[in-house]
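Text of the file model.pdb, holding PDB, C-alpha atoms and all ligand atoms:
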ATOM      1  CA  MET A   1      19.279  -1.106   9.749
ATOM      2  CA  GLU A   2      18.759   0.235   6.249
ATOM      3  CA  GLN A   3      22.412   1.130   5.981
ATOM      4  CA  GLU A   4      23.416  -2.377   7.036
ATOM      5  CA  ALA A   5      21.093  -3.860   4.435
ATOM      6  CA  GLN A   6      22.471  -1.528   1.789
ATOM      7  CA  SER A   7      26.046  -2.483   2.540
ATOM      8  CA  PHE A   8      25.028  -6.161   2.466
ATOM      9  CA  PHE A   9      23.666  -5.724  -1.060
ATOM     10  CA  ASP A  10      26.552  -3.539  -2.185
ATOM     11  CA  SER A  11      29.169  -6.043  -1.102
ATOM     12  CA  ALA A  12      27.356  -9.274  -2.049
ATOM     13  CA  PRO A  13      28.643 -11.221  -5.066
ATOM     14  CA  PRO A  14      26.385 -10.257  -7.974
ATOM     15  CA  LEU A  15      23.480 -12.608  -8.567
ATOM     16  CA  ARG A  16      24.423 -14.602 -11.683
ATOM     17  CA  CYS A  17      20.886 -15.041 -12.970
ATOM     18  CA  ARG A  18      19.691 -11.550 -12.004
ATOM     19  CA  ASP A  19      18.334 -10.602 -15.437
ATOM     20  CA  ASP A  20      16.448 -13.894 -15.736
ATOM     21  CA  VAL A  21      14.915 -13.496 -12.285
ATOM     22  CA  VAL A  22      13.821  -9.922 -12.988
ATOM     23  CA  ALA A  23      12.381 -10.928 -16.369
ATOM     24  CA  SER A  24      10.468 -13.921 -15.011
ATOM     25  CA  VAL A  25       9.043 -11.942 -12.069
ATOM     26  CA  ASN A  26       7.955  -9.184 -14.468
ATOM     27  CA  ARG A  27       6.308 -11.679 -16.821
ATOM     28  CA  PHE A  28       4.489 -13.252 -13.896
ATOM     29  CA  LEU A  29       3.259  -9.847 -12.742
ATOM     30  CA  ASP A  30       2.212  -8.802 -16.237
ATOM     31  CA  ILE A  31      -0.186 -11.731 -16.279
ATOM     32  CA  TRP A  32      -1.472 -10.740 -12.837
ATOM     33  CA  LYS A  33      -1.952  -7.124 -13.956
ATOM     34  CA  ALA A  34      -3.753  -8.165 -17.149
ATOM     35  CA  ALA A  35      -6.157 -10.332 -15.112
ATOM     36  CA  SER A  36      -6.670  -7.538 -12.550
ATOM     37  CA  ALA A  37      -7.487  -5.093 -15.320
ATOM     38  CA  ILE A  38     -10.507  -7.217 -16.225
ATOM     39  CA  GLY A  39     -11.624  -7.594 -12.625
ATOM     40  CA  GLN A  40      -9.982 -10.980 -11.944
ATOM     41  CA  THR A  41      -7.561 -10.006  -9.226
ATOM     42  CA  ARG A  42      -5.895 -13.104  -7.872
ATOM     43  CA  ARG A  43      -3.919 -13.109  -4.633
ATOM     44  CA  ILE A  44      -0.208 -13.862  -4.825
ATOM     45  CA  ALA A  45       1.650 -15.820  -2.147
ATOM     46  CA  ILE A  46       5.415 -15.505  -1.991
ATOM     47  CA  VAL A  47       6.491 -18.692  -0.253
ATOM     48  CA  THR A  48      10.111 -19.018   0.863
ATOM     49  CA  SER A  49      11.325 -22.500   1.631
ATOM     50  CA  GLY A  50      14.439 -24.420   2.663
ATOM     51  CA  GLY A  51      17.608 -23.305   4.435
ATOM     52  CA  THR A  52      20.152 -20.779   3.229
ATOM     53  CA  THR A  53      23.869 -21.597   3.253
ATOM     54  CA  VAL A  54      26.629 -19.262   4.366
ATOM     55  CA  PRO A  55      29.816 -19.768   2.331
ATOM     56  CA  LEU A  56      33.081 -19.683   4.282
ATOM     57  CA  GLU A  57      35.353 -19.178   1.271
ATOM     58  CA  ARG A  58      34.829 -17.345  -2.033
ATOM     59  CA  ARG A  59      35.930 -20.393  -4.007
ATOM     60  CA  CYS A  60      33.630 -22.251  -1.777
ATOM     61  CA  VAL A  61      34.428 -25.658  -0.333
ATOM     62  CA  ARG A  62      32.724 -25.273   3.027
ATOM     63  CA  VAL A  63      29.469 -23.717   4.158
ATOM     64  CA  ILE A  64      27.416 -23.238   7.302
ATOM     65  CA  ASP A  65      23.971 -24.629   6.587
ATOM     66  CA  ASN A  66      20.565 -23.982   8.109
ATOM     67  CA  PHE A  67      18.174 -26.696   9.041
ATOM     68  CA  SER A  68      15.095 -27.070   6.816
ATOM     69  CA  SER A  69      13.878 -29.915   4.637
ATOM     70  CA  GLY A  70      11.687 -27.552   2.612
ATOM     71  CA  SER A  71       8.603 -29.666   3.144
ATOM     72  CA  ARG A  72       6.613 -26.919   4.898
ATOM     73  CA  GLY A  73       7.152 -24.548   1.992
ATOM     74  CA  ALA A  74       6.361 -27.169  -0.664
ATOM     75  CA  ALA A  75       3.171 -28.395   1.035
ATOM     76  CA  SER A  76       2.012 -24.835   1.726
ATOM     77  CA  THR A  77       2.555 -23.916  -1.921
ATOM     78  CA  GLU A  78       0.218 -26.713  -2.956
ATOM     79  CA  TYR A  79      -2.461 -25.412  -0.572
ATOM     80  CA  PHE A  80      -2.082 -21.838  -1.741
ATOM     81  CA  LEU A  81      -2.473 -22.985  -5.348
ATOM     82  CA  ALA A  82      -5.536 -24.983  -4.329
ATOM     83  CA  SER A  83      -6.937 -21.795  -2.728
ATOM     84  CA  ASP A  84      -6.568 -20.107  -6.115
ATOM     85  CA  TYR A  85      -3.516 -18.063  -5.254
ATOM     86  CA  ALA A  86      -0.735 -17.508  -7.738
ATOM     87  CA  VAL A  87       2.511 -18.521  -6.032
ATOM     88  CA  ILE A  88       6.099 -17.388  -6.261
ATOM     89  CA  PHE A  89       7.978 -20.283  -4.711
ATOM     90  CA  LEU A  90      11.445 -19.172  -3.632
ATOM     91  CA  HIS A  91      13.109 -22.394  -2.604
ATOM     92  CA  ARG A  92      16.445 -23.974  -1.869
ATOM     93  CA  ARG A  93      17.794 -25.885  -4.882
ATOM     94  CA  GLN A  94      16.825 -29.548  -4.610
ATOM     95  CA  ALA A  95      15.090 -29.038  -1.264
ATOM     96  CA  ALA A  96      11.475 -29.372  -2.247
ATOM     97  CA  LEU A  97      11.062 -32.639  -4.010
ATOM     98  CA  PHE A  98       7.591 -32.451  -5.434
ATOM     99  CA  PHE A  99       7.967 -29.030  -6.839
ATOM    100  CA  SER A 100      11.082 -29.950  -8.741
ATOM    101  CA  PHE A 101       8.678 -32.082 -10.799
ATOM    102  CA  ALA A 102       6.936 -28.954 -11.945
ATOM    103  CA  ASN A 103       9.800 -28.038 -14.228
ATOM    104  CA  GLY A 104       9.088 -31.128 -16.262
ATOM    105  CA  ASP A 105      12.460 -32.647 -15.458
ATOM    106  CA  ALA A 106      11.423 -36.036 -16.810
ATOM    107  CA  THR A 107      14.753 -37.770 -16.250
ATOM    108  CA  PHE A 108      14.742 -36.918 -12.605
ATOM    109  CA  VAL A 109      11.099 -37.921 -12.180
ATOM    110  CA  LYS A 110      11.621 -41.228 -13.937
ATOM    111  CA  TYR A 111      14.702 -42.010 -11.884
ATOM    112  CA  PHE A 112      12.991 -41.007  -8.656
ATOM    113  CA  LEU A 113       9.837 -42.982  -9.369
ATOM    114  CA  GLU A 114      11.691 -46.089 -10.432
ATOM    115  CA  ASP A 115      13.821 -45.991  -7.345
ATOM    116  CA  LEU A 116      10.877 -45.336  -5.043
ATOM    117  CA  CYS A 117       8.611 -47.887  -6.690
ATOM    118  CA  SER A 118      11.201 -50.616  -6.501
ATOM    119  CA  HIS A 119      10.582 -50.716  -2.751
ATOM    120  CA  PHE A 120       6.889 -51.503  -3.140
ATOM    121  CA  ALA A 121       4.810 -54.494  -4.187
ATOM    122  CA  ALA A 122       3.374 -54.408  -7.738
ATOM    123  CA  ARG A 123      -0.123 -53.138  -6.843
ATOM    124  CA  CYS A 124       1.238 -50.359  -4.626
ATOM    125  CA  ARG A 125       3.697 -49.469  -7.354
ATOM    126  CA  ILE A 126       0.895 -48.662  -9.793
ATOM    127  CA  ILE A 127      -1.046 -46.598  -7.241
ATOM    128  CA  LEU A 128       2.053 -44.713  -6.239
ATOM    129  CA  TYR A 129       3.083 -44.088  -9.831
ATOM    130  CA  LYS A 130      -0.403 -42.799 -10.694
ATOM    131  CA  ASN A 131      -0.544 -40.465  -7.693
ATOM    132  CA  VAL A 132       2.904 -39.045  -8.116
ATOM    133  CA  SER A 133       2.435 -38.627 -11.857
ATOM    134  CA  SER A 134      -0.832 -36.786 -11.309
ATOM    135  CA  LEU A 135       0.816 -34.567  -8.733
ATOM    136  CA  TRP A 136       3.500 -33.849 -11.274
ATOM    137  CA  MET A 137       0.858 -33.063 -13.890
ATOM    138  CA  ASP A 138      -0.975 -30.733 -11.448
ATOM    139  CA  GLN A 139       2.178 -28.819 -10.767
ATOM    140  CA  SER A 140       3.328 -28.713 -14.370
ATOM    141  CA  GLY A 141      -0.188 -27.441 -15.053
ATOM    142  CA  ALA A 142       0.252 -24.663 -12.501
ATOM    143  CA  VAL A 143       3.494 -23.614 -14.180
ATOM    144  CA  LEU A 144       1.890 -23.740 -17.613
ATOM    145  CA  GLN A 145      -1.085 -21.698 -16.439
ATOM    146  CA  LYS A 146       1.418 -19.147 -15.125
ATOM    147  CA  LYS A 147       0.113 -19.616 -11.592
ATOM    148  CA  LEU A 148       3.405 -20.870 -10.230
ATOM    149  CA  LEU A 149       6.827 -19.286 -10.556
ATOM    150  CA  LYS A 150       9.762 -21.196  -9.099
ATOM    151  CA  LEU A 151      12.927 -19.360  -8.127
ATOM    152  CA  GLU A 152      15.941 -21.120  -6.657
ATOM    153  CA  PHE A 153      18.614 -20.168  -4.142
ATOM    154  CA  THR A 154      21.385 -21.892  -2.249
ATOM    155  CA  THR A 155      23.383 -19.192  -0.492
ATOM    156  CA  LEU A 156      22.186 -16.423   1.776
ATOM    157  CA  PHE A 157      23.494 -13.949  -0.812
ATOM    158  CA  GLU A 158      21.294 -15.425  -3.534
ATOM    159  CA  TYR A 159      18.267 -15.671  -1.237
ATOM    160  CA  LEU A 160      18.321 -12.055  -0.071
ATOM    161  CA  GLN A 161      19.038 -10.631  -3.506
ATOM    162  CA  ILE A 162      16.158 -12.545  -5.062
ATOM    163  CA  LEU A 163      13.930 -11.563  -2.150
ATOM    164  CA  GLU A 164      14.721  -7.909  -2.770
ATOM    165  CA  ILE A 165      13.757  -8.258  -6.445
ATOM    166  CA  VAL A 166      10.512 -10.057  -5.639
ATOM    167  CA  GLY A 167       9.732  -7.843  -2.631
ATOM    168  CA  ALA A 168      10.047  -4.597  -4.547
ATOM    169  CA  ALA A 169       8.086  -6.007  -7.488
ATOM    170  CA  MET A 170       5.115  -6.778  -5.207
ATOM    171  CA  LYS A 171       4.360  -3.153  -4.399
ATOM    172  CA  PRO A 172       1.579  -2.830  -7.011
ATOM    173  CA  VAL A 173      -0.059  -6.023  -5.738
ATOM    174  CA  GLY A 174      -0.783  -4.240  -2.447
ATOM    175  CA  ARG A 175      -2.889  -6.163   0.071
ATOM    176  CA  HIS A 176      -3.356  -9.030  -2.361
ATOM    177  CA  ALA A 177       0.232 -10.155  -1.765
ATOM    178  CA  MET A 178       1.106 -12.510   1.085
ATOM    179  CA  PHE A 179       4.715 -13.113   2.096
ATOM    180  CA  TYR A 180       5.076 -16.482   3.811
ATOM    181  CA  PHE A 181       8.610 -16.783   5.178
ATOM    182  CA  ALA A 182       9.019 -20.489   5.856
ATOM    183  CA  ALA A 183      12.685 -20.550   4.782
ATOM    184  CA  ALA A 184      15.267 -20.981   7.508
ATOM    185  CA  VAL A 185      17.523 -17.997   7.020
ATOM    186  CA  SER A 186      20.980 -17.713   8.561
ATOM    187  CA  ASP A 187      21.348 -15.209  11.399
ATOM    188  CA  PHE A 188      25.102 -14.824  10.879
ATOM    189  CA  TYR A 189      27.335 -14.738   7.838
ATOM    190  CA  VAL A 190      30.806 -13.977   6.541
ATOM    191  CA  PRO A 191      30.682 -10.699   4.586
ATOM    192  CA  TRP A 192      31.977 -11.180   1.043
ATOM    193  CA  ASN A 193      34.629  -8.478   1.427
ATOM    194  CA  SER A 194      36.178 -10.164   4.454
ATOM    195  CA  MET A 195      35.919 -13.702   3.078
ATOM    196  CA  MET A 196      39.040 -15.762   2.210
ATOM    197  CA  GLU A 197      39.480 -16.347  -1.498
ATOM    198  CA  HIS A 198      40.811 -19.890  -1.223
ATOM    199  CA  LYS A 199      39.980 -22.930   0.843
ATOM    200  CA  ILE A 200      40.706 -22.357   4.534
ATOM    201  CA  GLN A 201      43.790 -24.303   5.543
ATOM    202  CA  SER A 202      43.928 -26.503   8.614
ATOM    203  CA  ASP A 203      47.720 -26.452   9.086
ATOM    204  CA  ASP A 204      47.542 -24.193  12.142
ATOM    205  CA  GLY A 205      45.191 -26.427  14.084
ATOM    206  CA  SER A 206      42.174 -24.668  15.570
ATOM    207  CA  MET A 207      40.546 -21.704  13.874
ATOM    208  CA  THR A 208      38.507 -18.708  15.025
ATOM    209  CA  MET A 209      36.099 -17.022  12.658
ATOM    210  CA  GLN A 210      34.150 -13.797  13.147
ATOM    211  CA  LEU A 211      30.601 -13.839  11.797
ATOM    212  CA  ALA A 212      28.549 -10.690  11.179
ATOM    213  CA  PRO A 213      24.814 -10.460  11.917
ATOM    214  CA  VAL A 214      22.611 -10.747   8.836
ATOM    215  CA  PRO A 215      20.698  -7.479   8.356
ATOM    216  CA  LYS A 216      16.986  -8.004   8.945
ATOM    217  CA  MET A 217      15.148  -7.486   5.697
ATOM    218  CA  LEU A 218      11.629  -7.840   7.101
ATOM    219  CA  GLY A 219      11.668  -4.209   8.207
ATOM    220  CA  LEU A 220      12.710  -3.109   4.711
ATOM    221  CA  LEU A 221       9.938  -5.163   3.175
ATOM    222  CA  ARG A 222       7.314  -3.582   5.442
ATOM    223  CA  LYS A 223       8.626  -0.070   5.085
ATOM    224  CA  HIS A 224       9.792   0.178   1.477
ATOM    225  CA  TRP A 225       9.407  -2.869  -0.736
ATOM    226  CA  ALA A 226       5.768  -3.830  -0.313
ATOM    227  CA  PRO A 227       4.324  -1.933   2.664
ATOM    228  CA  GLU A 228       0.762  -3.119   2.104
ATOM    229  CA  ALA A 229       1.481  -6.823   1.687
ATOM    230  CA  PHE A 230       0.222  -9.289   4.293
ATOM    231  CA  CYS A 231       3.364 -10.622   5.995
ATOM    232  CA  VAL A 232       3.780 -13.919   7.810
ATOM    233  CA  SER A 233       7.105 -14.923   9.314
ATOM    234  CA  PHE A 234       8.042 -18.067  11.214
ATOM    235  CA  LYS A 235       9.777 -18.353  14.548
ATOM    236  CA  LEU A 236      11.646 -21.573  15.134
ATOM    237  CA  GLU A 237      12.964 -22.503  18.562
ATOM    238  CA  THR A 238      14.126 -25.657  20.276
ATOM    239  CA  ASP A 239      13.285 -24.304  23.754
ATOM    240  CA  VAL A 240       9.507 -24.242  24.003
ATOM    241  CA  ASP A 241       9.648 -21.954  27.049
ATOM    242  CA  ILE A 242      10.878 -18.996  25.012
ATOM    243  CA  LEU A 243       9.021 -19.695  21.760
ATOM    244  CA  LEU A 244       5.878 -17.592  22.212
ATOM    245  CA  LYS A 245       7.735 -14.709  23.802
ATOM    246  CA  LYS A 246      10.101 -14.586  20.819
ATOM    247  CA  ALA A 247       7.248 -14.871  18.320
ATOM    248  CA  ARG A 248       5.336 -11.997  19.967
ATOM    249  CA  SER A 249       8.459  -9.904  19.996
ATOM    250  CA  SER A 250       9.150 -10.406  16.272
ATOM    251  CA  LEU A 251       5.493  -9.631  15.498
ATOM    252  CA  CYS A 252       5.960  -6.149  16.971
ATOM    253  CA  LYS A 253       9.581  -5.599  16.004
ATOM    254  CA  TYR A 254       9.058  -6.210  12.290
ATOM    255  CA  GLY A 255       5.404  -5.239  11.974
ATOM    256  CA  MET A 256       4.327  -8.715  10.841
ATOM    257  CA  HIS A 257       0.628  -9.513  10.431
ATOM    258  CA  ALA A 258       1.210 -12.987  11.829
ATOM    259  CA  VAL A 259       4.116 -14.964  13.215
ATOM    260  CA  VAL A 260       3.913 -18.743  13.132
ATOM    261  CA  ALA A 261       5.625 -20.154  16.213
ATOM    262  CA  ASN A 262       6.969 -23.661  15.835
ATOM    263  CA  GLU A 263       9.168 -25.883  17.945
ATOM    264  CA  LEU A 264      11.620 -28.122  16.101
ATOM    265  CA  GLU A 265      10.431 -31.486  17.418
ATOM    266  CA  THR A 266       6.696 -30.835  17.159
ATOM    267  CA  ARG A 267       6.629 -28.596  14.059
ATOM    268  CA  LYS A 268       4.830 -31.142  11.894
ATOM    269  CA  ASN A 269       1.963 -31.535  14.358
ATOM    270  CA  LYS A 270       1.464 -28.219  16.046
ATOM    271  CA  VAL A 271       2.030 -24.507  15.398
ATOM    272  CA  VAL A 272       0.751 -21.337  17.063
ATOM    273  CA  VAL A 273      -0.321 -18.468  14.825
ATOM    274  CA  VAL A 274       0.433 -15.288  16.760
ATOM    275  CA  THR A 275      -1.324 -12.087  15.690
ATOM    276  CA  ARG A 276      -1.843  -8.798  17.492
ATOM    277  CA  LYS A 277      -5.347  -9.671  18.652
ATOM    278  CA  VAL A 278      -5.439 -13.467  18.898
ATOM    279  CA  GLU A 279      -3.193 -16.481  19.238
ATOM    280  CA  MET A 280      -4.413 -19.657  17.568
ATOM    281  CA  VAL A 281      -3.089 -23.105  18.348
ATOM    282  CA  LEU A 282      -3.331 -25.280  15.229
ATOM    283  CA  GLU A 283      -2.940 -29.025  15.312
ATOM    284  CA  LYS A 284      -2.645 -31.550  12.523
ATOM    285  CA  GLY A 285      -5.426 -33.737  13.917
ATOM    286  CA  ASP A 286      -7.004 -35.709  11.073
ATOM    287  CA  CYS A 287      -5.609 -33.440   8.352
ATOM    288  CA  PRO A 288      -3.020 -34.880   5.955
ATOM    289  CA  ASP A 289      -0.519 -32.367   7.314
ATOM    290  CA  ILE A 290      -0.344 -29.258   9.519
ATOM    291  CA  GLU A 291       0.098 -26.994   6.467
ATOM    292  CA  LEU A 292      -3.563 -27.491   5.500
ATOM    293  CA  PRO A 293      -5.071 -25.836   8.623
ATOM    294  CA  LEU A 294      -2.192 -23.353   8.678
ATOM    295  CA  VAL A 295      -2.701 -22.131   5.112
ATOM    296  CA  ASN A 296      -6.499 -22.068   5.606
ATOM    297  CA  CYS A 297      -6.064 -19.953   8.728
ATOM    298  CA  LEU A 298      -3.750 -17.476   6.989
ATOM    299  CA  VAL A 299      -5.946 -17.236   3.902
ATOM    300  CA  ALA A 300      -8.842 -16.304   6.233
ATOM    301  CA  ARG A 301      -6.691 -13.726   8.024
ATOM    302  CA  GLN A 302      -5.740 -12.159   4.695
ATOM    303  CA  THR A 303      -9.413 -12.035   3.717
ATOM    304  CA  MET A 304     -10.094 -10.053   6.908
ATOM    305  CA  TYR A 305      -7.147  -7.821   6.078
ATOM    306  CA  LEU A 306      -8.570  -7.124   2.621
ATOM    307  CA  GLN A 307     -11.999  -6.422   4.095
ATOM    308  CA  GLN A 308     -10.545  -3.888   6.538
ATOM    309  CA  GLN A 309      -9.333  -1.901   3.554
ATOM    310  CA  GLN A 310     -12.774  -1.884   1.980
ATOM    311  CA  ALA A 311     -14.522  -0.864   5.220
TER     312      ALA A 311
HETATM  313  C1  LIG B 401      10.431 -22.267  10.036
HETATM  314  O1  LIG B 401      10.303 -22.096  11.214
HETATM  315  C2  LIG B 401       9.840 -23.459   9.299
HETATM  316  O2  LIG B 401       8.595 -23.774   9.841
HETATM  317  C3  LIG B 401      10.757 -24.720   9.350
HETATM  318  C4  LIG B 401      10.050 -25.782   8.479
HETATM  319  C5  LIG B 401      12.132 -24.379   8.772
HETATM  320  C6  LIG B 401      10.917 -25.238  10.768
HETATM  321  P1  LIG B 401      10.833 -27.869   7.125
HETATM  322  O3  LIG B 401      11.415 -27.006   6.059
HETATM  323  O4  LIG B 401      10.765 -26.973   8.475
HETATM  324  O5  LIG B 401       9.438 -28.326   6.801
HETATM  325  O6  LIG B 401      11.752 -29.006   7.504
HETATM  326  N1  LIG B 401      11.080 -21.360   9.260
HETATM  327  C7  LIG B 401      11.662 -20.141   9.751
HETATM  328  C8  LIG B 401      12.955 -20.382  10.446
HETATM  329  C9  LIG B 401      13.715 -19.107  10.712
HETATM  330  O7  LIG B 401      14.814 -18.995  10.262
HETATM  331  N2  LIG B 401      13.119 -18.163  11.430
HETATM  332  C10 LIG B 401      13.839 -17.017  11.945
HETATM  333  C11 LIG B 401      13.996 -17.212  13.426
HETATM  334  O8  LIG B 401      13.379 -18.134  14.010
HETATM  335  C12 LIG B 401      13.050 -15.753  11.752
HETATM  336  S1  LIG B 401      12.685 -15.368  10.125
HETATM  337  O9  LIG B 401      14.738 -16.428  14.047
END

What's the structure tokens form of this structure?
Amino acid sequence: MEQEAQSFFDSAPPLRCRDDVVASVNRFLDIWKAASAIGQTRRIAIVTSGGTTVPLERRCVRVIDNFSSGSRGAASTEYFLASDYAVIFLHRRQAALFFSFANGDATFVKYFLEDLCSHFAARCRIILYKNVSSLWMDQSGAVLQKKLLKLEFTTLFEYLQILEIVGAAMKPVGRHAMFYFAAAVSDFYVPWNSMMEHKIQSDDGSMTMQLAPVPKMLGLLRKHWAPEAFCVSFKLETDVDILLKKARSSLCKYGMHAVVANELETRKNKVVVVTRKVEMVLEKGDCPDIELPLVNCLVARQTMYLQQQQA
């Protein structure tokens, strides 16, 4: 598995913004280390969000995409921040609407608000504008306070390379780090070294394409990158009859601390948190969204995990 992962990284197109990503992750961690040194150790959640794309050509015209709106990752990030975590939010470009406000992209916000507000009556418009603006301020605030670091990906190559940088950087954070893998990551891809340079032509009618399995990085994370971190992955299925079985199997296979099982149709209302000892069914109920009980549950599990270390 490690060899497969290595050859994935060796053959991947180099990450264009690599130096910037490394520098921003290091800056973020420096602040964490400085706070820890004076006894203010904050937990860090690494939230992945949105779907990865698999390019079919090097000069890419077509991609295979993965389903995810990014709303689970964005909402969860807000709850982690509210629980006083620092958050590294690794998200698909343009997937998570509210968090794109955090960059202070005023043109986009203005355009979005005007467009949205035009659908509402005057009184609603003001309320909506106030709420969204304050959300924007909260999130800009989180960025300014260095509690939120946003990193963007589109392709599978970008996602896994950034994950490797962040994963390895989390080693010193130990049990205070939580990886929360809500992103929908491709299972298959076209390796860069066997990818066509130019746009695939349709002159010959039908086409057959061989896809390679994506090396599983969760094992690497647990074994090498950040072995002490609290790790939560998600299992998405459309067939509810196999969901829990698959979630339990990935819990053991990759040494996760929890696997969140969700079915496509019901994912906004119900999830099952699978751990070695217990399985918890969480429902949205009266909460604004399912991410609130989910994040609360995982924060509590990480607290137990931290206490085990102290015992
Ligand atoms: C999830 O299962 C997420 O909960 C969703 C969230 C993608 C369904 P939205 O972004 O949806 O709010 O629209 N993410 C993980 C999906 C995934 O690729 N899991 C892999 C698998 O099931 C394992 S890591 O095999």

Task: Selection result for the PyMOL selection byres (((chain A and resi 68-82) around 7) and not hetatm) on this file, as a PyMOL selection string - done: chain A and resi 47-51+66-67+83-87+95-96+99+182+184+291-292+295

Open item on the list: Give me, as a PyMOL selection string, all polymer residues having an atom no more than 10 Å from Lys246 in chain A, counting only C-alpha atoms and skipping those fewer than 2 positions away in the same chain.
Closed with: chain A and resi 235-237+241-244+248-251+259+261

Open item on the list: So the first atom is CA of Val54 in chain A and the second is atom O5 of ligand LIG 401 (chain B); what is the distance between them in Å, to one decimal place?
Closed with: 19.6 Å

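Proximity to Pro293 in chain A was assessed for A:Gln310, A:Asn262, A:Gln3, A:Asn269 counting only C-alpha atoms; the smallest distance is recorded for A:Asn269.
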
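For the atom pair formed by CA of Phe230 in chain A and CA of Leu151 in chain A, the distance is 20.4 Å, given to one decimal.
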
TODO: Evaluate the PyMOL selection byres (((chain A and resi 12-25) around 12) and not hetatm) on the structure here and hand back the selected residues as a PyMOL selection string.
DONE: chain A and resi 5-11+26-32+44+46+54-55+58-59+87-90+143+146-170+189-195+214

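Distances from A:Val271, A:Met304, A:Met280, A:Met209 to ligand LIG 401 (chain B) were compared using all atoms listed in the file, and the smallest one belongs to A:Val271.
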
To box ligand LIG 401 (chain B), take all atoms listed in the file, fit an axis-aligned box, add 4 Å on each side, and give centre and edge lengths in Å to one decimal, as AutoDock Vina command-line options.
--center_x 11.7 --center_y -22.2 --center_z 10.1 --size_x 14.2 --size_y 21.6 --size_z 16.0

Task: CA of Lys253 in chain A to CA of Thr275 in chain A, straight-line distance in Å - done: 12.7 Å

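Using all atoms listed in the file, the smallest distance between any of A:Gly255, A:Pro227, A:Gly205, A:Pro288 and Arg276 in chain A comes from A:Gly255.
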
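Every residue that the PyMOL selection byres (((chain A and resi 37-43) around 6) and not hetatm) selects in this file is listed here: A:Ala34, A:Ala35, A:Ser36, A:Ile44, A:Tyr85, A:His176, A:Ala177.
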
Open item on the list: I'd like to know which of A:Arg222, A:His91, A:His198, A:His257 is closest to ligand LIG 401 (chain B), using all atoms listed in the file.
Closed with: A:His91
